[in-house]
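Everything below concerns the one structure shown next.
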Amino acid sequence: MRRYAYYPGCSLERNAAAYDESFRAVAEVLGIELVEIPDWNCCGATEYFSLDLLPAYALVARNLALVPADLDQVVAPCSACYYNMYKTDKNMALYPELARAVNEALAAGQLHYDPGRVHSRHALEVITEDFTPEEIAAHVQKPLRGLRLAAYYGCVTVRPAGHDNPEYPTRMERLLQALGATVVDYTLRANCCGGHMTQLDADTAYRMIYYLLSNAARLDVDALVVACPMCQLNLDAYQGQVNAHFGSSFHIPILYFTQMMGLAFGIAPERLGFGQEIVSAEQVLEKFRNPPPEEETAERRPRRERVGLPMPEPFVVRHEA
Amino acid sequence: MPEETTTNPFLEEVMAIPGGERLKACIQCGTCGGSCPSGEAMDHTPREIFAMILAGMREEVLKSNTFWFCVSCYYCTIRCPQEIPITDIMYRLKQLAVRAGYYTASITGFSETFVGQVETYGRSFELGLATGHYLRHHPIQSIRMSPLMLSMVTRGRMSFTPTRIQGIRQLRAILRRAKELGGEW
């Protein structure tokens, strides 16, 4: 049994309840115990840091200070929450005068946080780093065979903290492959969804969302799989607005990686928050229940003829177990 | 070599954040602007803004829209060959612009409404907030947004009643103290 402090964040309370429900459900299967931080507050998203820096750090530090003393890791499914906690801890450790000021503010609420005490981690990081693809595959009851999926990480899931390649991450792809899905090479996987841009300048925001959706549509995916409630909201809830704005007709369900895991683990879709998405995922569920015959899902790329000069055998490093 | 005598108080002000002193090392390569997903909408690319900061053009910089269009995606930050914390500098410029009063309410209104809400409830109220912001600042667009809002409501994804944390007094005390301490970070 692995134990982590859990910071759901405001989005997961309502707008992204599907992410919360599905993460808790797959955590149970994987033997993860999530201990919710008692009486946590909002992390401030990107808004607090835009106005006032010390209160922004103090806001995040209150949550870190409330992590139970016997736990040294906190997991957050929302990329913004995860990164704010990571950044606060890191900057407090790097800049002692900042740590002193933050702790002086926390003292007004009888709290204290020692930088380095709690390691902040993203839910995707925990799932793909603490579990091997084999361990994940061992829990698969019904593979996602025949489902063509694109993994979309967005920005702060992988940048700048870097638990995966910040330009070209591959962990979610490997996870989805372990679940039996067909994973496409979605080159925009780490581009930004626009964050709160929909609130500031809709034209700019829609252009960014359009870019992501049109590329996914060209790859003919059944769904775009995400790891952040902001990405989900922008791509899902605003998909209709983008269609109206550009005259496009995208219909791409936007689902959380935890929902895909839950399906493969044999958990009922209702327990995974299916049906909360704006762009219906009914076709995804239909294809999952009745996968196409084996030969249709096999890799379609033709094998290259072995012509040309003989080449040396590839050099392979073998790691002994 | 004589000691550097030129003073640029604006540069000092911008650099007063963790890692901010790297800004002096900018080599004007333009990797930041080239990596920016929303750069098209900016009136000055990040590279230009840095040249302007180094030239002490306080008012022009703080009146530009560049940092308001920053989406905090950190592409520029990880790609900068001089390791300048560009995204954090964009946040810094937002703070300075707000303090100087160079902004329009429709842009900073969202941040301010958000912060106000967190200080009242301890948690953010998501789409309730988005609706409020839209109605106040973009009344016409609100009509176009109504189908979206409606579908969010029918799927149970929109809350009308924000959660109030139990320790709201404690949180307020912490934030009040943090504001009093102020300082430059």
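All residue names refer to the structure tokens as shown: chains lettered A, B, ... in order, residues numbered from 1 in each chain, ligands numbered from 1 in order.
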
Practice task
Identify every residue of chain B that has at least one atom within 6 Å of any atom of chain A, counting only C-alpha atoms, and report the result as a VMD selection string.
Solution key: chain B and resid 71 73 91 94 to 95 107 111 122 to 124 155 157 to 158 165 170 173 to 175 177 to 178

Pull N, CA and C atoms from the residues just selected and write them as a PDB file, in the first residue's frame.
ATOM      1  N   VAL B  71       0.431  32.920 -21.561  1.00  0.00           N
ATOM      2  CA  VAL B  71      -0.457  31.873 -21.055  1.00  0.00           C
ATOM      3  C   VAL B  71       0.247  30.961 -20.048  1.00  0.00           C
ATOM      4  N   CYS B  73       2.869  28.943 -20.310  1.00  0.00           N
ATOM      5  CA  CYS B  73       3.095  27.561 -20.754  1.00  0.00           C
ATOM      6  C   CYS B  73       4.546  27.135 -20.563  1.00  0.00           C
ATOM      7  N   TYR B  91       4.877  37.396 -15.059  1.00  0.00           N
ATOM      8  CA  TYR B  91       4.035  37.605 -13.868  1.00  0.00           C
ATOM      9  C   TYR B  91       4.445  38.897 -13.164  1.00  0.00           C
ATOM     10  N   LYS B  94       3.122  41.873 -14.856  1.00  0.00           N
ATOM     11  CA  LYS B  94       1.690  42.039 -14.569  1.00  0.00           C
ATOM     12  C   LYS B  94       1.527  42.764 -13.242  1.00  0.00           C
ATOM     13  N   GLN B  95       2.274  42.301 -12.221  1.00  0.00           N
ATOM     14  CA  GLN B  95       2.162  42.942 -10.898  1.00  0.00           C
ATOM     15  C   GLN B  95       2.515  44.422 -10.979  1.00  0.00           C
ATOM     16  N   ILE B 107      -9.123  43.099 -18.534  1.00  0.00           N
ATOM     17  CA  ILE B 107      -7.990  42.181 -18.517  1.00  0.00           C
ATOM     18  C   ILE B 107      -7.647  41.742 -17.110  1.00  0.00           C
ATOM     19  N   SER B 111      -8.352  38.242 -12.878  1.00  0.00           N
ATOM     20  CA  SER B 111      -7.433  37.926 -11.778  1.00  0.00           C
ATOM     21  C   SER B 111      -7.968  38.478 -10.469  1.00  0.00           C
ATOM     22  N   GLY B 122     -11.914  30.848   0.308  1.00  0.00           N
ATOM     23  CA  GLY B 122     -10.787  29.928   0.480  1.00  0.00           C
ATOM     24  C   GLY B 122     -10.661  28.975  -0.699  1.00  0.00           C
ATOM     25  N   ARG B 123     -11.721  28.899  -1.494  1.00  0.00           N
ATOM     26  CA  ARG B 123     -11.648  28.074  -2.707  1.00  0.00           C
ATOM     27  C   ARG B 123     -12.194  28.883  -3.865  1.00  0.00           C
ATOM     28  N   SER B 124     -11.875  28.452  -5.066  1.00  0.00           N
ATOM     29  CA  SER B 124     -12.382  29.213  -6.198  1.00  0.00           C
ATOM     30  C   SER B 124     -13.628  28.548  -6.741  1.00  0.00           C
ATOM     31  N   ARG B 155     -24.786  19.024 -16.953  1.00  0.00           N
ATOM     32  CA  ARG B 155     -23.897  17.908 -16.648  1.00  0.00           C
ATOM     33  C   ARG B 155     -23.340  17.986 -15.228  1.00  0.00           C
ATOM     34  N   ARG B 157     -21.548  20.235 -13.864  1.00  0.00           N
ATOM     35  CA  ARG B 157     -20.150  20.661 -13.751  1.00  0.00           C
ATOM     36  C   ARG B 157     -19.989  22.096 -13.283  1.00  0.00           C
ATOM     37  N   MET B 158     -21.121  22.755 -13.025  1.00  0.00           N
ATOM     38  CA  MET B 158     -21.013  24.152 -12.626  1.00  0.00           C
ATOM     39  C   MET B 158     -21.605  24.309 -11.235  1.00  0.00           C
ATOM     40  N   ILE B 165     -13.985  27.131   3.161  1.00  0.00           N
ATOM     41  CA  ILE B 165     -13.167  26.279   4.019  1.00  0.00           C
ATOM     42  C   ILE B 165     -13.405  26.646   5.472  1.00  0.00           C
ATOM     43  N   GLN B 170      -8.233  31.773   9.500  1.00  0.00           N
ATOM     44  CA  GLN B 170      -6.794  31.504   9.530  1.00  0.00           C
ATOM     45  C   GLN B 170      -6.156  31.911   8.196  1.00  0.00           C
ATOM     46  N   ALA B 173      -5.948  35.615   7.882  1.00  0.00           N
ATOM     47  CA  ALA B 173      -4.885  36.157   8.738  1.00  0.00           C
ATOM     48  C   ALA B 173      -3.526  35.979   8.058  1.00  0.00           C
ATOM     49  N   ILE B 174      -3.327  34.808   7.446  1.00  0.00           N
ATOM     50  CA  ILE B 174      -2.054  34.530   6.762  1.00  0.00           C
ATOM     51  C   ILE B 174      -1.869  35.495   5.594  1.00  0.00           C
ATOM     52  N   LEU B 175      -2.927  35.657   4.809  1.00  0.00           N
ATOM     53  CA  LEU B 175      -2.815  36.524   3.631  1.00  0.00           C
ATOM     54  C   LEU B 175      -2.632  37.995   4.031  1.00  0.00           C
ATOM     55  N   ARG B 177      -1.182  39.069   6.733  1.00  0.00           N
ATOM     56  CA  ARG B 177       0.204  39.209   7.189  1.00  0.00           C
ATOM     57  C   ARG B 177       1.157  39.245   5.985  1.00  0.00           C
ATOM     58  N   ALA B 178       0.882  38.398   4.980  1.00  0.00           N
ATOM     59  CA  ALA B 178       1.740  38.342   3.788  1.00  0.00           C
ATOM     60  C   ALA B 178       1.712  39.674   3.064  1.00  0.00           C
TER      61      ALA B 178
END

Practice task
Run DSSP on the backbone of this structure and report the residues of range 34-177 of chain B it assigns to helix (DSSP H, G or I), as a PyMOL selection string.
Solution key: chain B and resi 34-35+39-41+46-54+58-63+66-69+75-79+86-100+105-121+126-137+139-154+168-177

Practice task
For Glu40 in chain B, list every protein, DNA or RNA residue within 10 Å, evaluated using only C-alpha atoms, and leave out those in the same chain fewer than 6 positions away; present the list as a PyMOL selection string.
Solution key: (chain A and resi 204) or (chain B and resi 33-34+66+69)

Restrict the selected residues to N, CA and C atoms and save them as a compact mmCIF listing (two decimals), in the first residue's frame.
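Ended up saving to part_15.txt:
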# COMPACT_ATOMS: atom_id res chain seq x y z
N THR A 204 -7.95 34.78 -29.52
CA THR A 204 -6.65 34.13 -29.31
C THR A 204 -6.84 32.73 -28.74
N GLY B 33 10.20 34.46 -28.18
CA GLY B 33 9.10 34.87 -29.06
C GLY B 33 8.74 33.77 -30.04
N GLY B 34 9.76 33.09 -30.55
CA GLY B 34 9.53 32.02 -31.52
C GLY B 34 8.83 30.83 -30.91
N THR B 66 1.88 42.58 -23.87
CA THR B 66 2.65 41.33 -23.95
C THR B 66 2.37 40.35 -22.81
N PHE B 69 -0.94 38.59 -22.42
CA PHE B 69 -1.21 37.48 -23.34
C PHE B 69 -0.36 36.27 -23.04

Handout entry: Length of the CA of Val98 in chain B to CA of Ser64 in chain B vector [Å]
Key =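 Distance reported for this atom pair: 12.1 Å.
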
Practice task
Provide the CA of Asp88 in chain B to CA of Ile17 in chain B distance in Å, to one decimal place.
Solution key: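 Between these atoms lies a distance of 7.9 Å.
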
Practice task
Skip Asp222 in chain A itself and residues of its chain fewer than 5 positions away, then list as a list in words all residues within 7 Å of it, counting only C-alpha atoms.
Solution key: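 Once the nearby chain positions are removed, what remains is Leu147, Arg148, Leu149, Ile252 and Val284 of chain A.
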
Saved selection, atoms kept: N, CA and C atoms, as an mmCIF file, in the first residue's frame:
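Saved to part_2.cif:
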data_model
loop_
_atom_site.group_PDB
_atom_site.id
_atom_site.type_symbol
_atom_site.label_atom_id
_atom_site.label_comp_id
_atom_site.auth_asym_id
_atom_site.auth_seq_id
_atom_site.Cartn_x
_atom_site.Cartn_y
_atom_site.Cartn_z
ATOM 1 N N LEU A 147 -9.190 1.226 -29.826
ATOM 2 C CA LEU A 147 -9.375 2.657 -29.594
ATOM 3 C C LEU A 147 -8.118 3.410 -30.020
ATOM 4 N N ARG A 148 -8.316 4.393 -30.888
ATOM 5 C CA ARG A 148 -7.211 5.217 -31.370
ATOM 6 C C ARG A 148 -7.151 6.475 -30.516
ATOM 7 N N LEU A 149 -6.090 6.615 -29.746
ATOM 8 C CA LEU A 149 -6.025 7.712 -28.787
ATOM 9 C C LEU A 149 -4.799 8.588 -28.998
ATOM 10 N N ILE A 252 -14.574 15.625 -30.955
ATOM 11 C CA ILE A 252 -13.507 14.833 -30.350
ATOM 12 C C ILE A 252 -13.720 14.791 -28.835
ATOM 13 N N VAL A 284 -16.930 6.307 -27.927
ATOM 14 C CA VAL A 284 -15.739 5.678 -27.340
ATOM 15 C C VAL A 284 -16.161 4.460 -26.531
#

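One distance worth recording is that between CA of Asn215 in chain A and CA of Leu144 in chain A, which is 22.3 Å.
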